[in-house]
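Undergrad: Take a look at this one; I'll ask things after.
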Amino acid sequence: QLQLVEFGGGLVQPGGSLRLSCATSGFTLDYYAIGWFRQAPGKVREGVSCISRNGLSTNYADSVKGRFTISRDNAKNTVYLQMNSLKPEDTAIYYCAADSRFAPLGCGLRTTDFGSWGQGTQVTVSS
């Protein structure tokens, strides 16, 4: 059974950093592209970043480019999202998602690109 569990959320001051982890089980991570998404209160879920199944291709939303970095360790069945220079507008529930339909260098930032989702972890950026 395919499972994704997010870790690492919390409360951080503006300008601070957090590293989110997406621990996977029940499937071979090597065959799946992974995306990170977020949903703030009253807003639609939006794509933040994604990484291809071979790790050679990444993509970022304009709002996080230069501040967030996605990476993966297939041996540990885990994908990471390093978030630096956090802003109050980054406050949201962050979700990771997986899908095997992408080409080896492909990934996407649309929620419809992914079929399997974690439960999310809260990130709050506030002083």
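Within each chain, counting starts at residue 1; across the structure tokens, chains are named A, B, ... in the order shown, with ligands numbered 1 upward in that order.
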Need the shell around Gly10 of chain A: protein/DNA/RNA residues with any atom at most 7 Å away, counting only C-alpha atoms. Skip same-chain ones fewer than 2 positions apart. Format as a list in words?

TA: Gly8, Val12, Gln122, Val123 and Thr124 of chain A

Undergrad: Env of Gly9 of chain A: 10 Å cut, atoms = only C-alpha atoms, seq-sep filter 2 positions within chain, self excluded. Answer as a PyMOL selection string.

TA: chain A and resi 6-7+11-12+18-21+92-94+120-124

Undergrad: Any idea what's packed within 7 Å of segment 83-91 of chain A, counting only C-alpha atoms, ignoring anything in its chain fewer than 6 positions away? Could you give it as an mmCIF file with N, CA and C atoms, in the first residue's frame?

TA:
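Result saved to out.cif:
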data_model
loop_
_atom_site.group_PDB
_atom_site.id
_atom_site.type_symbol
_atom_site.label_atom_id
_atom_site.label_comp_id
_atom_site.auth_asym_id
_atom_site.auth_seq_id
_atom_site.Cartn_x
_atom_site.Cartn_y
_atom_site.Cartn_z
ATOM 1 N N PRO A 14 9.944 34.767 10.590
ATOM 2 C CA PRO A 14 10.295 35.218 9.229
ATOM 3 C C PRO A 14 11.804 35.270 9.051
ATOM 4 N N GLY A 15 12.254 34.811 7.904
ATOM 5 C CA GLY A 15 13.675 34.729 7.630
ATOM 6 C C GLY A 15 14.309 33.417 8.042
ATOM 7 N N GLY A 16 13.570 32.602 8.761
ATOM 8 C CA GLY A 16 14.093 31.330 9.238
ATOM 9 C C GLY A 16 14.008 30.230 8.198
ATOM 10 N N SER A 17 14.396 29.017 8.623
ATOM 11 C CA SER A 17 14.447 27.860 7.725
ATOM 12 C C SER A 17 13.767 26.658 8.348
ATOM 13 N N LEU A 18 13.273 25.802 7.488
ATOM 14 C CA LEU A 18 12.737 24.508 7.882
ATOM 15 C C LEU A 18 13.066 23.512 6.787
ATOM 16 N N ARG A 19 13.221 22.254 7.169
ATOM 17 C CA ARG A 19 13.365 21.199 6.172
ATOM 18 C C ARG A 19 12.233 20.202 6.348
ATOM 19 N N ALA A 40 -3.022 27.210 1.880
ATOM 20 C CA ALA A 40 -3.246 28.177 2.949
ATOM 21 C C ALA A 40 -4.749 28.267 3.212
ATOM 22 N N ARG A 67 14.646 30.233 -2.907
ATOM 23 C CA ARG A 67 14.509 30.062 -1.449
ATOM 24 C C ARG A 67 14.309 28.599 -1.050
ATOM 25 N N PHE A 68 13.624 27.839 -1.885
ATOM 26 C CA PHE A 68 13.325 26.431 -1.577
ATOM 27 C C PHE A 68 14.166 25.533 -2.479
ATOM 28 N N THR A 69 14.536 24.374 -1.937
ATOM 29 C CA THR A 69 15.278 23.383 -2.706
ATOM 30 C C THR A 69 14.695 22.002 -2.442
ATOM 31 N N VAL A 123 3.031 24.370 8.380
ATOM 32 C CA VAL A 123 4.152 25.312 8.469
ATOM 33 C C VAL A 123 3.575 26.687 8.774
ATOM 34 N N THR A 124 4.035 27.295 9.856
ATOM 35 C CA THR A 124 3.582 28.624 10.238
ATOM 36 C C THR A 124 4.779 29.541 10.364
ATOM 37 N N VAL A 125 4.745 30.626 9.616
ATOM 38 C CA VAL A 125 5.827 31.607 9.647
ATOM 39 C C VAL A 125 5.283 32.874 10.295
ATOM 40 N N SER A 126 5.754 33.148 11.500
ATOM 41 C CA SER A 126 5.209 34.274 12.258
ATOM 42 C C SER A 126 6.200 34.706 13.325
#

Undergrad: For a quick check of understanding, using only C-alpha atoms, which of A:Pro104, A:Phe114, A:Tyr95, A:Val64 has the smallest distance to Leu4 of chain A?

TA: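 Nearest candidate to Leu4 of chain A out of A:Pro104, A:Phe114, A:Tyr95, A:Val64: A:Tyr95.
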
Undergrad: When you look at Asp99 of chain A with a cut-off of 8 Å (counting only C-alpha atoms), what residues show up, excluding the ones that are within fewer than 2 positions of it in the same chain? I need them as a list in words.

TA: Tyr32, Ala33, Ile34, Ala97, Arg101, Phe102, Asp113, Phe114, Gly115 and Ser116 of chain A

Undergrad: Just list as an MDAnalysis selection string whatever in segment 18-118 of chain A DSSP marks as helix (DSSP H, G or I).

TA: chainID A and resid 29:31 74:76 88:90 111:113

Undergrad: Would you mind telling me which residue in A:Asn74, A:Arg53, A:Cys96, A:Gly106 lies nearest to Arg38 of chain A when using only C-alpha atoms?

TA: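 So, comparing all the options, the nearest one is A:Cys96.
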
Undergrad: Show me, as a list in words, the residues that have an atom within 12 Å of Asn77 of chain A when counting only C-alpha atoms, minus same-chain residues fewer than 3 positions from it.

TA: Leu2, Gln3, Leu4, Val5, Ser21, Cys22, Ala23, Thr24, Ser25, Gly26, Phe27, Thr28, Leu29, Asp30, Tyr31, Tyr32, Ile34, Arg53, Ser71, Arg72, Asp73, Asn74, Tyr80 and Ala98 of chain A

Undergrad: Write out as a list in words the residues lying within 7 Å of segment 45-51 of chain A, counting only C-alpha atoms and excluding same-chain residues fewer than 5 positions away.

TA: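 Near segment 45-51 of chain A, the qualifying residues are Ala33, Ile34, Gly35, Trp36, Phe37, Arg38, Gln39, Ser57, Thr58, Asn59, Tyr60, Ala61, Ile70, Cys107, Gly108, Leu109, Arg110 and Thr111 of chain A.
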
Undergrad: Any idea what the distance is between atom CA of Ser63 of chain A and atom CA of Lys76 of chain A?

TA: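 Here the two named atoms are 28.7 Å from each other.
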
Undergrad: Using DSSP on the backbone, list every residue of chain A that comes out as strand (DSSP E), and give them as a PyMOL selection string.

TA: chain A and resi 3-7+10-12+18-25+33-39+46-51+58-60+68-73+78-83+92-99+116-117+121-125

Undergrad: Give me, please, the distance in Å between atom CA of Val79 of chain A and atom CA of Gly55 of chain A, quoted to one decimal.

TA: 10.0 Å

Undergrad: Between atom CA of Gly118 of chain A and atom CA of Ala75 of chain A, what is the distance, to one decimal in Å?

TA: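 A separation of 19.5 Å between them.
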